[in-house]
file my_file.cif (mmCIF, C-alpha atoms and all ligand atoms)
data_work
#
loop_
_atom_site.label_atom_id
_atom_site.label_comp_id
_atom_site.auth_asym_id
_atom_site.auth_seq_id
_atom_site.Cartn_x
_atom_site.Cartn_y
_atom_site.Cartn_z
CA MET A 301 -37.45 -34.40 32.48
CA LYS A 302 -38.47 -37.90 31.51
CA ASN A 303 -35.34 -39.15 29.82
CA ALA A 304 -32.27 -37.88 28.04
CA SER A 305 -29.33 -39.07 26.02
CA SER A 306 -26.68 -37.53 23.82
CA HIS A 307 -25.13 -38.32 20.46
CA ARG A 308 -22.51 -37.15 18.12
CA LEU A 309 -24.47 -35.50 15.36
CA LYS A 310 -23.25 -37.92 12.73
CA THR A 311 -24.27 -40.94 14.78
CA SER A 312 -27.68 -42.42 14.27
CA LYS A 313 -27.09 -45.50 16.44
CA THR A 314 -28.90 -45.34 19.75
CA ASN A 315 -28.41 -46.79 23.17
CA SER A 316 -30.79 -49.72 23.58
CA ARG A 317 -31.59 -48.62 27.13
CA ALA A 318 -32.53 -45.14 26.00
CA HIS A 319 -36.07 -43.88 25.74
CA GLN A 320 -38.08 -44.76 22.67
CA SER A 321 -37.63 -41.20 21.38
CA ASP A 322 -33.93 -41.76 20.88
CA GLN A 323 -34.64 -44.43 18.36
CA GLU A 324 -36.90 -42.07 16.56
CA VAL A 325 -34.85 -38.87 16.48
CA ARG A 326 -32.23 -39.25 13.82
CA LEU A 327 -30.20 -36.80 11.84
CA ARG A 328 -30.80 -36.54 8.11
CA ASP A 329 -27.50 -36.33 6.20
CA LEU A 330 -28.60 -33.36 4.09
CA PRO A 331 -30.93 -30.41 4.55
CA TYR A 332 -34.58 -31.31 3.89
CA PRO A 333 -35.79 -32.03 1.23
CA TYR A 334 -32.58 -32.34 -0.76
CA ARG A 335 -30.94 -35.62 -1.76
CA SER A 336 -27.50 -34.18 -2.55
CA MET A 337 -25.49 -30.99 -2.20
CA LEU A 338 -23.19 -29.31 -4.72
CA ALA A 339 -20.78 -26.40 -4.44
CA ILE A 340 -19.27 -25.22 -7.72
CA CYS A 341 -15.83 -24.26 -6.45
CA SER A 342 -14.08 -22.11 -9.02
CA ASP A 343 -10.46 -20.98 -9.12
CA LEU A 344 -10.63 -17.63 -10.92
CA ASP A 345 -7.55 -18.30 -13.09
CA GLU A 346 -7.49 -16.50 -16.45
CA THR A 347 -10.68 -14.51 -15.85
CA PRO A 348 -9.86 -11.61 -18.21
CA ASP A 349 -11.47 -8.67 -16.38
CA ARG A 350 -14.08 -7.53 -13.89
CA GLN A 351 -16.81 -7.36 -16.54
CA VAL A 352 -16.51 -11.09 -17.28
CA TYR A 353 -16.29 -11.93 -13.57
CA TRP A 354 -19.38 -9.86 -12.83
CA GLU A 355 -21.41 -11.22 -15.76
CA ILE A 356 -20.63 -14.80 -14.75
CA MET A 357 -21.67 -14.10 -11.16
CA ARG A 358 -24.81 -12.27 -12.24
CA PHE A 359 -25.85 -15.12 -14.55
CA LEU A 360 -25.28 -17.75 -11.85
CA ASN A 361 -26.77 -15.91 -8.89
CA THR A 362 -29.66 -13.80 -10.19
CA THR A 363 -32.63 -14.15 -12.54
CA GLU A 364 -31.81 -10.85 -14.26
CA THR A 365 -31.28 -10.51 -18.00
CA THR A 366 -27.64 -11.24 -18.81
CA ALA A 367 -25.53 -11.77 -21.93
CA MET A 368 -26.46 -15.46 -21.60
CA GLY A 369 -30.17 -14.90 -21.17
CA PRO A 370 -32.05 -14.88 -17.86
CA GLY A 371 -29.85 -15.76 -14.90
CA ALA A 372 -30.02 -19.27 -13.40
CA GLY A 373 -30.91 -17.95 -9.93
CA LEU A 374 -28.57 -20.29 -8.04
CA ASN A 375 -26.10 -19.74 -5.19
CA VAL A 376 -22.62 -20.14 -6.69
CA GLY A 377 -19.50 -18.69 -5.09
CA ASN A 378 -16.19 -17.55 -6.51
CA SER A 379 -12.60 -16.91 -5.46
CA ILE A 380 -10.16 -14.01 -5.44
CA TYR A 381 -6.41 -13.48 -5.39
CA PHE A 382 -4.24 -10.35 -5.32
CA ASP A 383 -0.86 -10.24 -7.08
CA MET A 384 -1.17 -11.51 -10.65
CA PRO A 385 0.13 -10.64 -14.14
CA GLN A 386 -1.68 -7.62 -15.60
CA ASP A 387 -3.73 -9.57 -18.15
CA GLN A 388 -5.69 -11.44 -15.48
CA PHE A 389 -8.46 -10.23 -13.23
CA ALA A 390 -7.16 -9.92 -9.66
CA TYR A 391 -7.77 -7.59 -6.73
CA TRP A 392 -4.78 -5.31 -7.27
CA ASN A 393 -5.08 -5.41 -11.07
CA THR A 394 -8.66 -4.26 -11.33
CA ASP A 395 -9.84 -0.68 -10.74
CA ASP A 396 -11.68 0.85 -7.77
CA THR A 397 -15.02 -0.25 -9.21
CA GLY A 398 -13.75 -3.82 -9.48
CA ARG A 399 -12.39 -3.73 -5.94
CA ALA A 400 -15.70 -2.38 -4.59
CA MET A 401 -17.46 -5.24 -6.43
CA VAL A 402 -15.15 -7.81 -4.81
CA GLN A 403 -15.69 -6.31 -1.37
CA GLN A 404 -19.48 -6.42 -1.79
CA LEU A 405 -19.42 -10.00 -3.04
CA ILE A 406 -17.25 -11.08 -0.10
CA ARG A 407 -19.60 -9.43 2.37
CA SER A 408 -22.63 -11.11 0.76
CA GLY A 409 -20.94 -14.53 0.86
CA HIS A 410 -20.62 -14.88 -2.95
CA ILE A 411 -16.84 -14.62 -2.94
CA ASP A 412 -15.93 -17.11 -0.26
CA CYS A 413 -12.45 -18.38 -1.20
CA LEU A 414 -8.95 -16.91 -1.19
CA HIS A 415 -7.05 -18.52 -4.07
CA SER A 416 -3.53 -17.97 -2.69
CA TYR A 417 -2.14 -14.42 -2.83
CA GLY A 418 -1.34 -14.86 -6.54
CA ASP A 419 1.58 -15.87 -8.77
CA LEU A 420 3.51 -12.65 -8.07
CA ALA A 421 3.14 -12.72 -4.28
CA THR A 422 6.54 -13.95 -3.14
CA SER A 423 6.81 -12.64 0.39
CA ARG A 424 5.09 -12.27 3.72
CA SER A 425 4.59 -8.58 3.03
CA HIS A 426 2.39 -9.42 0.02
CA ALA A 427 0.17 -11.44 2.36
CA GLU A 428 0.16 -8.63 4.95
CA ARG A 429 -0.87 -6.03 2.37
CA ALA A 430 -3.76 -8.19 1.12
CA LEU A 431 -4.98 -9.09 4.62
CA ASP A 432 -4.82 -5.44 5.76
CA GLU A 433 -6.95 -4.48 2.78
CA LEU A 434 -9.53 -7.21 3.44
CA THR A 435 -9.72 -6.38 7.13
CA ARG A 436 -10.01 -2.65 6.46
CA HIS A 437 -13.10 -3.34 4.31
CA ASP A 438 -14.62 -5.80 6.78
CA CYS A 439 -14.15 -8.64 4.29
CA ARG A 440 -13.94 -12.05 5.94
CA LEU A 441 -12.83 -15.14 4.03
CA GLU A 442 -12.52 -18.51 5.76
CA VAL A 443 -11.61 -20.77 2.82
CA TRP A 444 -8.19 -21.00 1.16
CA MET A 445 -7.32 -22.79 -2.06
CA ASP A 446 -3.76 -23.29 -3.29
CA HIS A 447 -3.20 -21.98 -6.83
CA ASP A 448 -0.96 -23.51 -9.51
CA VAL A 449 2.58 -23.21 -8.12
CA ALA A 450 2.11 -19.91 -6.27
CA PRO A 451 4.89 -19.37 -3.68
CA THR A 452 2.30 -18.65 -0.97
CA ASN A 453 0.58 -22.04 -1.44
CA PHE A 454 0.40 -24.13 1.72
CA ASP A 455 1.14 -27.53 0.24
CA PRO A 456 4.90 -28.08 -0.25
CA GLY A 457 4.43 -31.29 -2.24
CA ILE A 458 1.85 -31.22 -5.02
CA MET A 459 1.51 -27.40 -5.01
CA PHE A 460 5.17 -26.38 -4.42
CA GLY A 461 4.16 -23.88 -1.73
CA HIS A 462 6.16 -22.20 1.01
CA GLY A 463 3.27 -20.57 2.87
CA ASN A 464 3.57 -23.04 5.71
CA GLU A 465 7.38 -23.14 5.80
CA SER A 466 8.45 -21.18 8.86
CA GLY A 467 11.50 -19.03 8.04
CA HIS A 468 10.82 -18.90 4.28
CA PRO A 469 10.23 -15.38 2.81
CA ALA A 470 6.73 -16.49 1.69
CA TYR A 471 5.73 -17.91 5.09
CA HIS A 472 2.35 -16.51 6.10
CA ALA A 473 0.37 -19.35 7.73
CA ASP A 474 0.30 -17.58 11.11
CA LEU A 475 -1.01 -14.31 9.62
CA THR A 476 -3.55 -16.00 7.38
CA LEU A 477 -4.94 -18.18 10.16
CA ASP A 478 -5.10 -15.18 12.51
CA TYR A 479 -7.10 -13.40 9.81
CA GLY A 480 -9.67 -16.23 9.91
CA ILE A 481 -8.90 -18.95 7.35
CA GLN A 482 -10.26 -22.25 8.71
CA TYR A 483 -10.58 -24.47 5.63
CA VAL A 484 -7.75 -25.16 3.18
CA TRP A 485 -7.53 -26.97 -0.13
CA CYS A 486 -4.05 -28.28 -0.87
CA GLY A 487 -4.47 -29.74 -4.34
CA ARG A 488 -6.40 -32.96 -3.70
CA VAL A 489 -9.03 -33.84 -6.32
CA THR A 490 -10.97 -37.08 -6.72
CA SER A 491 -12.76 -38.58 -9.73
CA VAL A 492 -15.25 -40.25 -7.40
CA LEU A 493 -18.60 -38.46 -7.64
CA GLY A 494 -20.17 -37.87 -4.23
CA GLN A 495 -18.28 -37.44 -0.97
CA ASP A 496 -19.26 -38.28 2.60
CA ILE A 497 -20.69 -41.56 1.31
CA PRO A 498 -18.79 -44.81 0.59
CA PRO A 499 -16.70 -44.34 -2.59
CA GLN A 500 -18.40 -45.54 -5.78
CA PHE A 501 -16.59 -45.95 -9.10
CA GLY A 502 -19.61 -46.42 -11.37
CA GLY A 503 -19.84 -43.85 -14.15
CA ILE A 504 -16.11 -43.22 -14.58
CA LEU A 505 -15.57 -45.87 -17.27
CA LYS A 506 -16.93 -44.83 -20.68
CA TRP A 507 -17.08 -47.47 -23.41
CA ASN A 508 -16.71 -44.79 -26.11
CA HIS A 509 -13.51 -43.55 -24.43
CA PRO A 510 -12.07 -46.81 -23.12
CA LEU A 511 -8.40 -45.80 -22.81
CA SER A 512 -8.73 -42.40 -21.13
CA SER A 513 -11.61 -43.36 -18.90
CA GLY A 514 -9.95 -46.68 -18.05
CA ARG A 515 -6.82 -44.80 -17.01
CA THR A 516 -8.90 -42.45 -14.83
CA LEU A 517 -10.64 -45.40 -13.19
CA LEU A 518 -7.36 -47.20 -12.60
CA LYS A 519 -5.77 -44.07 -11.07
CA GLU A 520 -8.67 -43.57 -8.70
CA PHE A 521 -8.73 -47.24 -7.78
CA SER A 522 -4.97 -47.14 -7.10
CA LYS A 523 -5.42 -44.12 -4.80
CA GLN A 524 -8.01 -46.10 -2.85
CA GLN A 525 -5.69 -49.08 -2.53
CA LEU A 526 -2.75 -46.89 -1.46
CA ALA A 527 -4.96 -45.20 1.15
CA LYS A 528 -5.89 -48.61 2.54
CA LEU A 529 -2.18 -49.41 2.85
CA GLY A 530 -1.66 -46.28 4.92
CA ASN A 531 -0.45 -43.87 2.22
CA LYS A 532 -0.86 -40.35 3.66
CA LYS A 533 -1.05 -38.53 0.31
CA TYR A 534 -4.25 -40.36 -0.62
CA ALA A 535 -5.80 -40.75 2.85
CA MET A 536 -8.67 -38.43 1.93
CA HIS A 537 -9.44 -40.48 -1.17
CA GLY A 538 -9.62 -43.56 1.04
CA THR A 539 -12.25 -42.21 3.39
CA ASN A 540 -13.96 -40.21 0.63
CA SER A 541 -14.68 -37.46 3.20
CA THR A 542 -15.05 -33.83 2.27
CA LEU A 543 -13.12 -32.73 5.36
CA ARG A 544 -10.29 -33.87 7.54
CA PRO A 545 -8.59 -32.06 10.42
CA THR A 546 -4.99 -31.09 9.79
CA SER A 547 -2.60 -28.46 11.07
CA LEU A 548 -0.63 -25.51 9.70
CA GLY A 549 1.63 -22.82 11.14
CA ASP A 550 2.95 -24.02 14.51
CA ARG A 551 0.53 -26.93 14.35
CA ARG A 552 -2.62 -24.86 14.52
CA ARG A 553 -5.73 -26.78 13.58
CA VAL A 554 -7.56 -26.26 10.29
CA TYR A 555 -9.71 -28.45 8.08
CA GLU A 556 -8.43 -29.64 4.72
CA PHE A 557 -11.04 -30.34 2.04
CA LEU A 558 -11.27 -32.55 -1.02
CA ARG A 559 -12.61 -31.41 -4.38
CA CYS A 560 -14.09 -33.53 -7.15
CA ASN A 561 -13.93 -33.51 -10.92
CA PRO A 562 -16.04 -36.45 -12.08
CA HIS A 563 -15.13 -36.13 -15.79
CA TRP A 564 -14.07 -39.47 -17.31
CA GLY A 565 -10.87 -37.90 -18.68
CA GLY A 566 -9.40 -37.41 -15.20
CA VAL A 567 -9.24 -34.79 -12.47
CA SER A 568 -7.72 -32.09 -14.71
CA SER A 569 -9.96 -32.80 -17.69
CA CYS A 570 -12.55 -30.19 -18.77
CA ASP A 571 -12.00 -28.23 -15.52
CA GLN A 572 -12.93 -24.98 -17.27
CA GLY A 573 -15.96 -22.77 -17.88
CA ARG A 574 -15.80 -23.54 -21.62
CA TYR A 575 -16.25 -27.29 -20.97
CA LEU A 576 -18.48 -27.24 -17.93
CA ALA A 577 -21.40 -28.86 -19.75
CA ARG A 578 -19.27 -31.97 -20.25
CA VAL A 579 -18.71 -32.21 -16.50
CA LEU A 580 -22.19 -31.29 -15.26
CA SER A 581 -23.97 -33.53 -17.77
CA ARG A 582 -27.44 -34.87 -17.09
CA ASP A 583 -25.91 -38.28 -16.43
CA ILE A 584 -23.56 -36.95 -13.75
CA VAL A 585 -26.14 -34.73 -12.06
CA THR A 586 -28.62 -37.63 -11.95
CA ARG A 587 -25.98 -39.93 -10.49
CA LEU A 588 -25.06 -37.40 -7.79
CA VAL A 589 -28.70 -37.10 -6.76
CA GLN A 590 -29.13 -40.90 -6.71
CA ARG A 591 -26.00 -41.41 -4.62
CA GLY A 592 -26.99 -38.77 -2.13
CA GLY A 593 -23.53 -37.35 -1.48
CA THR A 594 -21.96 -33.93 -1.40
CA CYS A 595 -19.66 -32.53 -4.08
CA ILE A 596 -17.24 -29.60 -4.12
CA LEU A 597 -16.60 -29.32 -7.83
CA TYR A 598 -13.11 -28.46 -9.05
CA THR A 599 -13.32 -26.00 -11.94
CA HIS A 600 -12.19 -22.65 -13.42
CA LEU A 601 -15.28 -20.75 -14.53
CA GLY A 602 -13.26 -17.85 -15.97
CA LYS A 603 -11.49 -20.01 -18.59
CA ILE A 604 -13.82 -19.18 -21.45
CA ASP A 605 -13.68 -18.43 -25.21
CA ASN A 606 -15.90 -15.38 -25.62
CA PRO A 607 -15.66 -12.53 -23.07
CA ASP A 608 -18.90 -11.02 -24.41
CA VAL A 609 -20.87 -14.21 -23.79
CA PRO A 610 -18.85 -16.20 -21.24
CA PHE A 611 -20.92 -19.42 -21.27
CA ASP A 612 -22.06 -21.18 -24.43
CA SER A 613 -25.58 -22.57 -24.81
CA GLU A 614 -24.63 -26.03 -23.51
CA THR A 615 -23.13 -24.60 -20.32
CA VAL A 616 -26.17 -22.38 -19.86
CA ALA A 617 -28.36 -25.49 -20.26
CA ALA A 618 -26.28 -27.31 -17.65
CA PHE A 619 -26.92 -24.53 -15.12
CA ARG A 620 -30.63 -24.56 -15.97
CA LEU A 621 -30.64 -28.30 -15.27
CA LEU A 622 -29.10 -27.60 -11.84
CA ALA A 623 -31.76 -24.97 -11.20
CA SER A 624 -34.56 -27.41 -12.07
CA GLU A 625 -33.04 -30.12 -9.87
CA GLN A 626 -32.91 -27.65 -6.99
CA GLU A 627 -36.48 -26.56 -7.68
CA ALA A 628 -37.53 -30.23 -7.55
CA GLY A 629 -35.90 -30.58 -4.13
CA ASN A 630 -33.21 -32.97 -5.38
CA LEU A 631 -30.01 -30.96 -5.35
CA LEU A 632 -28.99 -28.05 -3.12
CA LEU A 633 -26.55 -25.63 -4.76
CA THR A 634 -24.49 -23.62 -2.34
CA THR A 635 -21.13 -21.98 -1.86
CA THR A 636 -17.99 -23.85 -0.86
CA ARG A 637 -17.91 -22.11 2.54
CA ARG A 638 -21.47 -23.08 3.37
CA LEU A 639 -21.04 -26.69 2.26
CA LEU A 640 -17.89 -26.96 4.37
CA GLY A 641 -19.61 -25.37 7.38
CA TYR A 642 -22.52 -27.77 7.07
CA SER A 643 -20.16 -30.77 6.80
CA ARG A 644 -18.21 -29.58 9.80
CA ALA A 645 -21.40 -29.06 11.84
CA LEU A 646 -22.42 -32.65 11.06
CA ARG A 647 -19.11 -34.09 12.22
CA ALA A 648 -18.24 -31.81 15.11
CA SER A 649 -21.48 -31.01 16.94
CA ARG A 650 -23.46 -33.24 19.24
CA PHE A 651 -27.10 -33.43 20.12
CA SER A 652 -29.18 -34.74 23.00
CA THR A 653 -32.89 -35.35 23.34
CA VAL A 654 -35.11 -34.81 26.33
CA TYR A 655 -38.86 -35.14 26.94
CA ARG A 656 -40.47 -32.41 28.99
CA ASP A 657 -44.10 -31.56 29.60
CA ASN A 658 -44.12 -29.23 26.58
CA GLY A 659 -42.85 -31.88 24.16
CA LEU A 660 -39.57 -33.22 22.89
CA THR A 661 -36.50 -31.00 22.89
CA ILE A 662 -33.47 -31.67 20.71
CA ASP A 663 -30.49 -29.72 22.02
CA ILE A 664 -27.51 -29.23 19.71
CA GLN A 665 -24.16 -28.58 21.37
CA THR A 666 -21.73 -26.79 19.10
CA GLN A 667 -18.55 -26.97 21.14
CA GLU A 668 -15.94 -28.82 19.13
CA THR A 669 -13.85 -30.80 21.59
CA GLY A 670 -10.08 -30.79 21.16
CA SER A 671 -10.17 -28.07 18.52
CA GLU A 672 -8.61 -24.62 18.43
CA LEU A 673 -11.00 -23.63 15.68
CA GLY A 674 -13.66 -22.33 18.02
CA ASP A 675 -17.21 -23.55 18.10
CA VAL A 676 -19.30 -24.45 15.11
CA THR A 677 -21.35 -21.32 14.40
CA VAL A 678 -25.12 -21.19 14.42
CA ALA A 679 -24.90 -20.27 10.71
CA ASP A 680 -23.18 -23.60 10.07
CA LEU A 681 -26.21 -25.40 11.52
CA GLN A 682 -28.53 -23.89 8.90
CA GLY A 683 -30.46 -26.63 7.12
CA LEU A 684 -29.75 -29.24 9.79
CA THR A 685 -32.65 -31.69 9.72
CA PHE A 686 -33.81 -34.24 12.28
CA TYR A 687 -36.26 -37.05 11.66
CA VAL A 688 -38.69 -36.88 14.54
CA PRO A 689 -41.56 -38.93 15.99
CA ASP A 690 -44.93 -38.20 14.46
CA ALA A 691 -47.39 -36.17 16.52
CA GLU A 692 -44.84 -34.79 18.96
CA VAL A 693 -44.36 -31.14 19.77
CA ILE A 694 -40.73 -30.54 18.88
CA HIS A 695 -38.36 -27.89 20.16
CA VAL A 696 -34.80 -27.45 18.95
CA THR A 697 -32.28 -25.59 21.05
CA VAL A 698 -28.66 -24.71 20.30
CA ASN A 699 -26.57 -24.79 23.46
CA GLY A 700 -29.82 -24.47 25.38
CA ARG A 701 -31.17 -21.50 23.44
CA GLU A 702 -34.41 -22.17 21.54
CA ILE A 703 -34.56 -21.81 17.74
CA ALA A 704 -37.74 -19.85 17.10
CA SER A 705 -38.15 -20.36 13.38
CA LEU A 706 -38.13 -24.12 13.03
CA ASN A 707 -39.42 -25.72 9.81
CA HIS A 708 -41.78 -28.68 10.24
CA ASN A 709 -41.45 -30.91 7.20
CA ARG A 710 -43.75 -33.46 5.66
CA PRO A 711 -42.41 -37.00 5.22
CA ASP A 712 -39.62 -37.31 2.65
CA GLU A 713 -38.67 -40.39 0.60
CA THR A 714 -38.08 -42.36 3.83
CA GLY A 715 -41.66 -41.77 4.90
CA ARG A 716 -40.54 -39.92 8.04
CA PRO A 717 -41.48 -36.37 9.07
CA SER A 718 -38.71 -34.05 10.14
CA VAL A 719 -37.87 -30.65 11.58
CA SER A 720 -35.11 -28.46 10.21
CA LEU A 721 -33.32 -25.24 10.88
CA PRO A 722 -34.08 -22.87 8.01
CA TRP A 723 -31.66 -22.68 5.08
CA PRO A 724 -31.69 -19.05 3.91
CA PHE A 725 -30.37 -18.56 0.39
CA LEU A 726 -27.73 -15.89 -0.14
CA GLU A 727 -28.90 -12.54 -1.44
CA PHE A 728 -26.96 -11.14 -4.35
CA PRO A 729 -25.91 -7.53 -3.74
CA ASP A 730 -27.70 -4.93 -5.77
CA ILE A 731 -24.68 -2.84 -6.67
CA GLY A 732 -22.91 -4.12 -9.74
CA PRO A 733 -20.29 -2.18 -11.60
CA SER A 734 -21.60 -0.64 -14.81
CA ALA A 735 -19.86 -2.64 -17.51
ZN ZN B 1 -5.54 -21.29 -9.76
#

call {"tool": "encode", "arguments": {"input": "my_file.cif", "output": "structure tokens"}}
result
Amino acid sequence: MKNASSHRLKTSKTNSRAHQSDQEVRLRDLPYPYRSMLAICSDLDETPDRQVYWEIMRFLNTTETTAMGPGAGLNVGNSIYFDMPQDQFAYWNTDDTGRAMVQQLIRSGHIDCLHSYGDLATSRSHAERALDELTRHDCRLEVWMDHDVAPTNFDPGIMFGHGNESGHPAYHADLTLDYGIQYVWCGRVTSVLGQDIPPQFGGILKWNHPLSSGRTLLKEFSKQQLAKLGNKKYAMHGTNSTLRPTSLGDRRRVYEFLRCNPHWGGVSSCDQGRYLARVLSRDIVTRLVQRGGTCILYTHLGKIDNPDVPFDSETVAAFRLLASEQEAGNLLLTTTRRLLGYSRALRASRFSTVYRDNGLTIDIQTQETGSELGDVTVADLQGLTFYVPDAEVIHVTVNGREIASLNHNRPDETGRPSVSLPWPFLEFPDIGPSA
């Protein structure tokens, strides 16, 4: 061993007394070669039936022929809930074929979010029934999103929930966290495009829509100011972070996350499949790539006009733009769960560097100190990229165990070479329901 030092993953500052290598090994904020990361995070509200749900997922996640033409071949997740009025797609409303589809998509990682237990779930037993069913089918979900004013929502303020109110008939936080939920969304949406970077307001104000866009800008600016004054409701807007630690159910630790709707009309404007092209415009996608942040987009893909052809030509074009930006190495599309896991790995893990005779070893330690959430998983480290010294033999270990399949990357826009843990794309299951 010649020299060693350790860092929080997020920290690129080095100890001046440390070996030269420490100044040279630095974490890249995003997986190589991408400049930004986007998860389209859809609440499934008003999706009419399993056929529409399936066709949307097939278009987004495969390159097969669909009602909207060839699929976009991206990785885009979706959400599920259980007890809903009969006219909406939900787990208990659909048939066995629909339920088998949901189970497969959960196991493949394409359904990654539980969107409350539904409008009609009023008690703990509704939660128990849903969790028993998921567990019985080996379906693991780790992300929760509050829905409308569902009684099982966690947030008692904005989302009128009782899920975290011990003693209430709809209390279920203990059960749901035992099941495995680790990330929760409690209604917070920002108009600021790009998280995990300093907040930027450019692009919100539109001169052709001065009143509405001005109001949106003012609202967002006010949230920032309130956060600076210590307002808890807008604390996440202040830091502009995707994640913050919080607690639920007897103060057990979870992460809360922030979503974004960058439309000039405000956080609830055009948050639907039928208007998605207005949100994911070329201007917005270009700005996200330039800013270099992450984005968990707030939307409802199932709110559409034509069940036979769910997305119109403009929306299809917007997804094709995302596909070409990914192909160009600019924008990485992924599911909400994977973006959250990556963000958590960046903030919670640590790394140390050591020179040995066989080269330079970067060891990542995944133990999250002071957390009851358990360690960051190796899957959450996928895509993690370190700038490294030129002409060094590099090894990466995770808790001392060597990663065999390391990617060695050519210099990116900074001019620096890097190594990264592979980022495998999700594979869409080959089992769809026949429509
Ligand atoms: Zn909803």

call {"tool": "closest_residue", "arguments": {"input": "my_file.cif", "among": "A:Gly602, A:Gly538, A:Pro456, A:Pro722", "to": "ligand ZN 1 (chain B)", "atoms": "all atoms listed in the file"}}
result
A:Gly602

call {"tool": "residues_around", "arguments": {"input": "my_file.cif", "residues": "A:Arg553", "least_positions_apart": "5", "cutoff": "12 Å", "atoms": "all atoms listed in the file", "output": "CSV table (one decimal) with C-alpha atoms, in the frame of the given file"}}
result
chain,number,residue,atom,x,y,z
A,473,ALA,CA,0.4,-19.4,7.7
A,474,ASP,CA,0.3,-17.6,11.1
A,477,LEU,CA,-4.9,-18.2,10.2
A,478,ASP,CA,-5.1,-15.2,12.5
A,480,GLY,CA,-9.7,-16.2,9.9
A,481,ILE,CA,-8.9,-19.0,7.4
A,482,GLN,CA,-10.3,-22.2,8.7
A,483,TYR,CA,-10.6,-24.5,5.6
A,484,VAL,CA,-7.8,-25.2,3.2
A,544,ARG,CA,-10.3,-33.9,7.5
A,545,PRO,CA,-8.6,-32.1,10.4
A,546,THR,CA,-5.0,-31.1,9.8
A,547,SER,CA,-2.6,-28.5,11.1
A,548,LEU,CA,-0.6,-25.5,9.7
A,668,GLU,CA,-15.9,-28.8,19.1
A,670,GLY,CA,-10.1,-30.8,21.2
A,671,SER,CA,-10.2,-28.1,18.5
A,672,GLU,CA,-8.6,-24.6,18.4
A,673,LEU,CA,-11.0,-23.6,15.7
A,674,GLY,CA,-13.7,-22.3,18.0

call {"tool": "residues_near_ligand", "arguments": {"input": "my_file.cif", "ligand": "ligand ZN 1 (chain B)", "cutoff": "10 Å", "atoms": "all atoms listed in the file", "output": "mmCIF file with C-alpha atoms, keeping the file's coordinate frame"}}
result
data_model
loop_
_atom_site.group_PDB
_atom_site.id
_atom_site.type_symbol
_atom_site.label_atom_id
_atom_site.label_comp_id
_atom_site.auth_asym_id
_atom_site.auth_seq_id
_atom_site.Cartn_x
_atom_site.Cartn_y
_atom_site.Cartn_z
ATOM 1 C CA SER A 342 -14.080 -22.110 -9.020
ATOM 2 C CA ASP A 343 -10.460 -20.980 -9.120
ATOM 3 C CA LEU A 344 -10.630 -17.630 -10.920
ATOM 4 C CA ASP A 345 -7.550 -18.300 -13.090
ATOM 5 C CA GLU A 346 -7.490 -16.500 -16.450
ATOM 6 C CA SER A 379 -12.600 -16.910 -5.460
ATOM 7 C CA ILE A 380 -10.160 -14.010 -5.440
ATOM 8 C CA TYR A 381 -6.410 -13.480 -5.390
ATOM 9 C CA HIS A 415 -7.050 -18.520 -4.070
ATOM 10 C CA SER A 416 -3.530 -17.970 -2.690
ATOM 11 C CA GLY A 418 -1.340 -14.860 -6.540
ATOM 12 C CA ASP A 419 1.580 -15.870 -8.770
ATOM 13 C CA MET A 445 -7.320 -22.790 -2.060
ATOM 14 C CA ASP A 446 -3.760 -23.290 -3.290
ATOM 15 C CA HIS A 447 -3.200 -21.980 -6.830
ATOM 16 C CA ASP A 448 -0.960 -23.510 -9.510
ATOM 17 C CA VAL A 449 2.580 -23.210 -8.120
ATOM 18 C CA ALA A 450 2.110 -19.910 -6.270
ATOM 19 C CA THR A 599 -13.320 -26.000 -11.940
ATOM 20 C CA HIS A 600 -12.190 -22.650 -13.420
#

call {"tool": "atom_distance", "arguments": {"input": "my_file.cif", "atom1": "atom CA of A:Leu517", "atom2": "atom CA of A:Gly487"}}
result
19.0 Å

call {"tool": "residues_around", "arguments": {"input": "my_file.cif", "residues": "A:Thr666", "least_positions_apart": "4", "cutoff": "8 Å", "atoms": "all atoms listed in the file", "output": "number ranges by chain"}}
result
A: 645, 648-650, 675-677, 698-699

call {"tool": "residues_around", "arguments": {"input": "my_file.cif", "residues": "stretch 520-533 of chain A", "least_positions_apart": "2", "cutoff": "12 Å", "atoms": "only C-alpha atoms", "output": "ChimeraX atom specification"}}
result
/A:455,457-458,486-493,498-502,504-505,513-518,535-540,546,558,560-562,564-567

call {"tool": "closest_atom_pairs", "arguments": {"input": "my_file.cif", "of": "stretch 619-734 of chain A", "to": "stretch 398-409 of chain A", "cutoff": "9 Å", "atoms": "all atoms listed in the file", "output": "Markdown table"}}
result
| residue | atom | partner | partner_atom | distance |
| --- | --- | --- | --- | --- |
| A:Thr635 | CA | A:Gly409 | CA | 7.9 |
| A:Arg637 | CA | A:Gly409 | CA | 8.3 |
| A:Arg638 | CA | A:Gly409 | CA | 8.9 |
| A:Leu726 | CA | A:Gly409 | CA | 7.0 |
| A:Glu727 | CA | A:Ser408 | CA | 6.8 |
| A:Phe728 | CA | A:Ser408 | CA | 6.7 |
| A:Pro729 | CA | A:Ser408 | CA | 6.6 |
| A:Ile731 | CA | A:Met401 | CA | 7.6 |
| A:Gly732 | CA | A:Met401 | CA | 6.5 |
| A:Pro733 | CA | A:Met401 | CA | 6.6 |

call {"tool": "atom_distance", "arguments": {"input": "my_file.cif", "atom1": "atom CA of A:Thr397", "atom2": "atom CA of A:His410"}}
result
16.9 Å
